[in-house]
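Shown next, in structure tokens, is the structure this report addresses.
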Amino acid sequence: MSQTRQDLATALQRAAQQLGADLSTEQVLELFAAPPRPELGDLAVPCFALARALRKAPPQIAVALLEAAQADIDAIEAIAEARAEGPYINVRLDPTVRARRVLSAALADGWGTSQQGAGRTIGIDYSSPNIAKPFGVGHLRSTAIGNALKHIFEALGYRVVGVNHLGDWGTQFGKLMAAFELWGDEEQLQQDPIMHLYDLYVRFHKAIADDAALEEQGRAWFKRLEDGDERARAYWQRFRDLSLREFNRIYERLNVSFDHYWGEAFYNEMLAPLVDELRERGLLVESEGALVVPMDELNLPPCLIVKNDGATLYATRDLAAARYRHEQLGFEQFLYVVGHEQSAHFQQVFEVLRRMGYGWAEQLHHVPFGRIQGISTRKGTLVFLEDILERGRERVGAILADRPLSDEERERIIEQVTVGAVLFYDLSRNRIKDYEFSWDLMLRGLGPNERGQTGPYLQYTHTRLGSLEAAYVERFGALPAADTVDWALLGDDAVRGLVAHIEAYPAAIEQAAAAYEPSVISRYALDLAELFNAFYSGGNRVVSDDAALSAARIALSRATRLTLAHALTLLGVPLPERM
């Protein structure tokens, strides 16, 4: 929040109290709005909400409130004028003071960060692929959204702990071990472990149709694993390690990291005590030989804790995981970035924890998201993320083929643009909605003279801004210090809109965090690029023979670039030096 808004809210809060309305500064801030037309001012304060408390018509309230606050408002340097117009108080800011304050802040270290969350911890469960299976595109959304939320909350000063809840337990591992015993190839396992294990798993399932005894072999191997059999355990550990090696290679491409790989198997020893506690609290009911926690009053199916064969389930492990995570992290919030189809599951899990008496269950939040649609693959029905990335590299490489780049630089830029295109396209969509995957749409803005609502368009805008700084340095020797800039040269309307948008960046980060919605940052970045490009293409040269005007405009350009770079970094989008 800008200091000007805070000062104005304080002045109006005092005035409202004098008139008989008991409001907090925060309540006054909630009244602030953008005027419908720029000529009305930079900020509007509608007075409708005060009508009941003051028993006056809103236009009368606007006049009285402004009169009571006028002395305090006159003392606020950044406010040029405040007028009561109908039911509104319209405020016009001094463009020179505003430009100096906003752009100086944007040019300083720490822009885009705050200490709002200092001393508090947020945990995030995201990505969570299944061991011994290729990293499918279905895990892209969880990975991208979770990683972006991690960066967003870190920017607000929180300690953020990223947890990868690997799918590394279950009867499928018994089947995989049986398949490897029958058809496993050590050389193929070393060369391409994930694909070899996946092929074995698919082959095993097809073979069961002709030989039902294979199903029993798979169950027997999993029983050996559960009983701690040395050979079964060695298989499991090896498959897990090889899978993680491959996953980490993909995470490195996406610039994604985790603090803990606490997979499903990690909680094995915690399950029996958990079931005992549920039984002691009288929460378990037997149903057809299984143990469940009824959820009838919530119109949900019962939460299945133990199957009739004694096996535990996802819910059991999620309950154990939640308890362990709270014990270890002491989090203020814990977010589960998992598809919307799991909403009922998390409702059940959170409710069971509440019934167990854990008040911190209120701090658990499911962050659901929609599906990616419209993808085809060259490798069958499962869509591999690496396959998608390689197809993207081919397209990007073709577009960049004629650009004067060294081979090494070209390869680096192709990778950065491909990853940026995929991540931004995902994160520019409202997370709860499904979306159609389209390379044609996500690469718009990469070709000559193209514009698009895409990652490559923003990456290109960022490099263009950087080239302006290089041109300024070439002409004038060094970038200007903020305290040497004549901010009065940035008073025209096009600049005012851009400065106002830069000023709104910290609020955009707070809004994205409050809604668990990275697309707030994506939309902000697109609007920022559009505002600058409109300014630049409107005949406003940044670097010219006029040294003072060039210094002011390069300060505006740098503030735009630094803000755009920070926003893209929050989203995990790489920043090429050239395009």
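To be explicit about the labels: the chains of the structure tokens are called A, B, and onward in the order shown, and within each one the residues are counted from 1, while ligands get numbers from 1 in the order they are shown.
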Do you know which residues are at most 9 Å from stretch 245-256 of chain A counting only C-alpha atoms, after dropping those on the same chain fewer than 6 positions away, and could you put them as a PyMOL selection string? chain A and resi 129+134-135+143-144+147+192-194+385-386+415-416+419-420+423+572-574
Show me, as an MDAnalysis selection string, the residues that have an atom within 8 Å of A:Ala80 when counting only C-alpha atoms, minus same-chain residues fewer than 4 positions from it. chainID A and resid 91:94
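Atom CA of A:Leu443 to atom CA of A:Leu465 spans 19.8 Å [interatomic distance, one decimal].
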Select from stretch 150-394 of chain A everything DSSP, run on the backbone, classes as strand (DSSP E), then give the selection as a PyMOL selection string. chain A and resi 159-163+285-287+290-293+303-306+333-337+364-367+372-373
Output N, CA and C atoms for every residue in that selection, as a PDB file, in the first residue's frame.
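Resulting contents of again-v4.pdb:
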ATOM      1  N   ARG A 159       8.253 -17.475   5.646  1.00  0.00           N
ATOM      2  CA  ARG A 159       9.086 -18.659   5.457  1.00  0.00           C
ATOM      3  C   ARG A 159       8.184 -19.685   4.781  1.00  0.00           C
ATOM      4  N   VAL A 160       8.543 -20.100   3.570  1.00  0.00           N
ATOM      5  CA  VAL A 160       7.706 -21.012   2.800  1.00  0.00           C
ATOM      6  C   VAL A 160       8.428 -22.336   2.638  1.00  0.00           C
ATOM      7  N   VAL A 161       7.742 -23.418   2.979  1.00  0.00           N
ATOM      8  CA  VAL A 161       8.318 -24.761   2.906  1.00  0.00           C
ATOM      9  C   VAL A 161       7.582 -25.536   1.814  1.00  0.00           C
ATOM     10  N   GLY A 162       8.313 -25.935   0.787  1.00  0.00           N
ATOM     11  CA  GLY A 162       7.734 -26.693  -0.308  1.00  0.00           C
ATOM     12  C   GLY A 162       7.888 -28.186  -0.076  1.00  0.00           C
ATOM     13  N   VAL A 163       6.772 -28.920  -0.171  1.00  0.00           N
ATOM     14  CA  VAL A 163       6.767 -30.360   0.079  1.00  0.00           C
ATOM     15  C   VAL A 163       6.286 -31.092  -1.169  1.00  0.00           C
ATOM     16  N   VAL A 285     -16.173 -46.091  12.581  1.00  0.00           N
ATOM     17  CA  VAL A 285     -17.343 -46.958  12.501  1.00  0.00           C
ATOM     18  C   VAL A 285     -17.024 -48.067  11.504  1.00  0.00           C
ATOM     19  N   GLU A 286     -17.421 -49.302  11.860  1.00  0.00           N
ATOM     20  CA  GLU A 286     -17.182 -50.410  10.935  1.00  0.00           C
ATOM     21  C   GLU A 286     -18.291 -50.434   9.884  1.00  0.00           C
ATOM     22  N   SER A 287     -17.866 -50.586   8.631  1.00  0.00           N
ATOM     23  CA  SER A 287     -18.819 -50.626   7.518  1.00  0.00           C
ATOM     24  C   SER A 287     -18.333 -51.660   6.514  1.00  0.00           C
ATOM     25  N   ALA A 290     -14.784 -52.593   6.722  1.00  0.00           N
ATOM     26  CA  ALA A 290     -13.837 -51.483   6.666  1.00  0.00           C
ATOM     27  C   ALA A 290     -14.084 -50.528   7.835  1.00  0.00           C
ATOM     28  N   LEU A 291     -13.109 -49.657   8.109  1.00  0.00           N
ATOM     29  CA  LEU A 291     -13.243 -48.642   9.152  1.00  0.00           C
ATOM     30  C   LEU A 291     -13.365 -47.282   8.491  1.00  0.00           C
ATOM     31  N   VAL A 292     -14.432 -46.569   8.843  1.00  0.00           N
ATOM     32  CA  VAL A 292     -14.704 -45.286   8.202  1.00  0.00           C
ATOM     33  C   VAL A 292     -15.070 -44.248   9.257  1.00  0.00           C
ATOM     34  N   VAL A 293     -14.987 -42.981   8.859  1.00  0.00           N
ATOM     35  CA  VAL A 293     -15.514 -41.879   9.655  1.00  0.00           C
ATOM     36  C   VAL A 293     -16.719 -41.340   8.894  1.00  0.00           C
ATOM     37  N   CYS A 303     -15.446 -41.138   5.148  1.00  0.00           N
ATOM     38  CA  CYS A 303     -14.003 -41.091   4.914  1.00  0.00           C
ATOM     39  C   CYS A 303     -13.428 -42.470   5.250  1.00  0.00           C
ATOM     40  N   LEU A 304     -12.947 -43.169   4.241  1.00  0.00           N
ATOM     41  CA  LEU A 304     -12.439 -44.527   4.411  1.00  0.00           C
ATOM     42  C   LEU A 304     -11.026 -44.478   4.976  1.00  0.00           C
ATOM     43  N   ILE A 305     -10.833 -45.092   6.149  1.00  0.00           N
ATOM     44  CA  ILE A 305      -9.549 -45.057   6.850  1.00  0.00           C
ATOM     45  C   ILE A 305      -8.784 -46.361   6.673  1.00  0.00           C
ATOM     46  N   VAL A 306      -9.464 -47.494   6.853  1.00  0.00           N
ATOM     47  CA  VAL A 306      -8.830 -48.809   6.714  1.00  0.00           C
ATOM     48  C   VAL A 306      -9.768 -49.697   5.893  1.00  0.00           C
ATOM     49  N   GLN A 333      -0.331 -21.548   7.729  1.00  0.00           N
ATOM     50  CA  GLN A 333      -1.215 -22.112   6.710  1.00  0.00           C
ATOM     51  C   GLN A 333      -0.483 -23.264   6.036  1.00  0.00           C
ATOM     52  N   PHE A 334      -1.267 -24.230   5.558  1.00  0.00           N
ATOM     53  CA  PHE A 334      -0.685 -25.268   4.716  1.00  0.00           C
ATOM     54  C   PHE A 334      -1.606 -25.444   3.515  1.00  0.00           C
ATOM     55  N   LEU A 335      -1.016 -25.315   2.328  1.00  0.00           N
ATOM     56  CA  LEU A 335      -1.778 -25.338   1.087  1.00  0.00           C
ATOM     57  C   LEU A 335      -1.548 -26.651   0.348  1.00  0.00           C
ATOM     58  N   TYR A 336      -2.635 -27.232  -0.148  1.00  0.00           N
ATOM     59  CA  TYR A 336      -2.579 -28.446  -0.954  1.00  0.00           C
ATOM     60  C   TYR A 336      -2.956 -28.074  -2.384  1.00  0.00           C
ATOM     61  N   VAL A 337      -1.955 -27.972  -3.258  1.00  0.00           N
ATOM     62  CA  VAL A 337      -2.201 -27.589  -4.644  1.00  0.00           C
ATOM     63  C   VAL A 337      -2.467 -28.866  -5.436  1.00  0.00           C
ATOM     64  N   LEU A 364      -5.622 -25.387   7.129  1.00  0.00           N
ATOM     65  CA  LEU A 364      -5.355 -26.201   5.945  1.00  0.00           C
ATOM     66  C   LEU A 364      -6.274 -25.752   4.809  1.00  0.00           C
ATOM     67  N   HIS A 365      -5.711 -25.594   3.628  1.00  0.00           N
ATOM     68  CA  HIS A 365      -6.503 -25.098   2.505  1.00  0.00           C
ATOM     69  C   HIS A 365      -6.200 -25.909   1.248  1.00  0.00           C
ATOM     70  N   HIS A 366      -7.256 -26.414   0.634  1.00  0.00           N
ATOM     71  CA  HIS A 366      -7.109 -27.044  -0.671  1.00  0.00           C
ATOM     72  C   HIS A 366      -7.128 -25.936  -1.724  1.00  0.00           C
ATOM     73  N   VAL A 367      -6.117 -25.915  -2.584  1.00  0.00           N
ATOM     74  CA  VAL A 367      -6.026 -24.948  -3.672  1.00  0.00           C
ATOM     75  C   VAL A 367      -6.273 -25.719  -4.972  1.00  0.00           C
ATOM     76  N   ILE A 372      -5.862 -29.409 -18.084  1.00  0.00           N
ATOM     77  CA  ILE A 372      -5.358 -29.003 -19.393  1.00  0.00           C
ATOM     78  C   ILE A 372      -6.006 -29.906 -20.433  1.00  0.00           C
ATOM     79  N   GLN A 373      -6.569 -29.303 -21.440  1.00  0.00           N
ATOM     80  CA  GLN A 373      -7.261 -30.066 -22.478  1.00  0.00           C
ATOM     81  C   GLN A 373      -6.623 -29.809 -23.839  1.00  0.00           C
TER      82      GLN A 373
END
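For the atom pair formed by atom CA of A:Glu332 and atom CA of A:Ile122, the distance is 5.8 Å, given to one decimal.
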Do you know which residues are at most 12 Å from A:Thr10 counting only C-alpha atoms, after dropping those on the same chain fewer than 6 positions away, and could you put them as a PyMOL selection string? chain A and resi 3-4+16-17+23-29+69+72-73+76
N, CA, C and O atoms of the current selection, written as an mmCIF file, in the first residue's frame:
data_model
loop_
_atom_site.group_PDB
_atom_site.id
_atom_site.type_symbol
_atom_site.label_atom_id
_atom_site.label_comp_id
_atom_site.auth_asym_id
_atom_site.auth_seq_id
_atom_site.Cartn_x
_atom_site.Cartn_y
_atom_site.Cartn_z
ATOM 1 N N GLN A 3 2.162 5.081 0.747
ATOM 2 C CA GLN A 3 2.078 5.939 1.923
ATOM 3 C C GLN A 3 0.993 6.985 1.743
ATOM 4 O O GLN A 3 0.315 7.375 2.708
ATOM 5 N N THR A 4 0.807 7.424 0.503
ATOM 6 C CA THR A 4 -0.225 8.436 0.239
ATOM 7 C C THR A 4 -1.614 7.910 0.591
ATOM 8 O O THR A 4 -2.422 8.603 1.230
ATOM 9 N N ALA A 16 -14.191 11.314 9.825
ATOM 10 C CA ALA A 16 -15.411 10.536 10.007
ATOM 11 C C ALA A 16 -15.772 10.418 11.483
ATOM 12 O O ALA A 16 -16.953 10.491 11.857
ATOM 13 N N GLN A 17 -14.748 10.243 12.319
ATOM 14 C CA GLN A 17 -15.004 10.173 13.773
ATOM 15 C C GLN A 17 -15.578 11.492 14.282
ATOM 16 O O GLN A 17 -16.483 11.507 15.128
ATOM 17 N N LEU A 23 -15.175 4.532 12.323
ATOM 18 C CA LEU A 23 -14.535 3.681 11.322
ATOM 19 C C LEU A 23 -13.061 3.510 11.643
ATOM 20 O O LEU A 23 -12.431 4.414 12.196
ATOM 21 N N SER A 24 -12.524 2.370 11.263
ATOM 22 C CA SER A 24 -11.080 2.167 11.365
ATOM 23 C C SER A 24 -10.422 2.644 10.072
ATOM 24 O O SER A 24 -11.090 2.820 9.044
ATOM 25 N N THR A 25 -9.118 2.830 10.125
ATOM 26 C CA THR A 25 -8.385 3.207 8.914
ATOM 27 C C THR A 25 -8.535 2.138 7.841
ATOM 28 O O THR A 25 -8.677 2.434 6.648
ATOM 29 N N GLU A 26 -8.535 0.871 8.260
ATOM 30 C CA GLU A 26 -8.678 -0.236 7.301
ATOM 31 C C GLU A 26 -10.030 -0.183 6.607
ATOM 32 O O GLU A 26 -10.136 -0.448 5.409
ATOM 33 N N GLN A 27 -11.088 0.183 7.358
ATOM 34 C CA GLN A 27 -12.422 0.287 6.750
ATOM 35 C C GLN A 27 -12.485 1.426 5.745
ATOM 36 O O GLN A 27 -13.154 1.320 4.715
ATOM 37 N N VAL A 28 -11.787 2.513 6.021
ATOM 38 C CA VAL A 28 -11.747 3.623 5.071
ATOM 39 C C VAL A 28 -11.010 3.199 3.811
ATOM 40 O O VAL A 28 -11.448 3.492 2.683
ATOM 41 N N LEU A 29 -9.909 2.486 3.977
ATOM 42 C CA LEU A 29 -9.146 2.013 2.821
ATOM 43 C C LEU A 29 -9.996 1.134 1.911
ATOM 44 O O LEU A 29 -9.846 1.169 0.678
ATOM 45 N N ALA A 69 -11.715 17.028 6.898
ATOM 46 C CA ALA A 69 -10.393 16.431 6.664
ATOM 47 C C ALA A 69 -9.449 17.355 5.911
ATOM 48 O O ALA A 69 -8.276 17.013 5.712
ATOM 49 N N ASP A 72 -5.816 18.161 7.156
ATOM 50 C CA ASP A 72 -4.917 16.999 7.112
ATOM 51 C C ASP A 72 -4.567 16.633 5.675
ATOM 52 O O ASP A 72 -3.429 16.247 5.381
ATOM 53 N N ILE A 73 -5.531 16.763 4.755
ATOM 54 C CA ILE A 73 -5.273 16.430 3.350
ATOM 55 C C ILE A 73 -4.281 17.416 2.745
ATOM 56 O O ILE A 73 -3.387 17.033 1.979
ATOM 57 N N ILE A 76 -0.671 16.532 3.054
ATOM 58 C CA ILE A 76 -0.143 15.351 2.347
ATOM 59 C C ILE A 76 0.493 15.813 1.045
ATOM 60 O O ILE A 76 -0.198 16.276 0.126
#
If you measure from atom CA of A:Val542 to atom CA of A:Ala34, what distance in Å do you get, rounded to one decimal?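 A separation of 28.5 Å between them.
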Which residues, written as number ranges by chain, have at least one atom at most 9 Å from A:Phe32, with only C-alpha atoms counted and residues fewer than 5 positions away on the same chain left out? A: 5, 9, 43-46
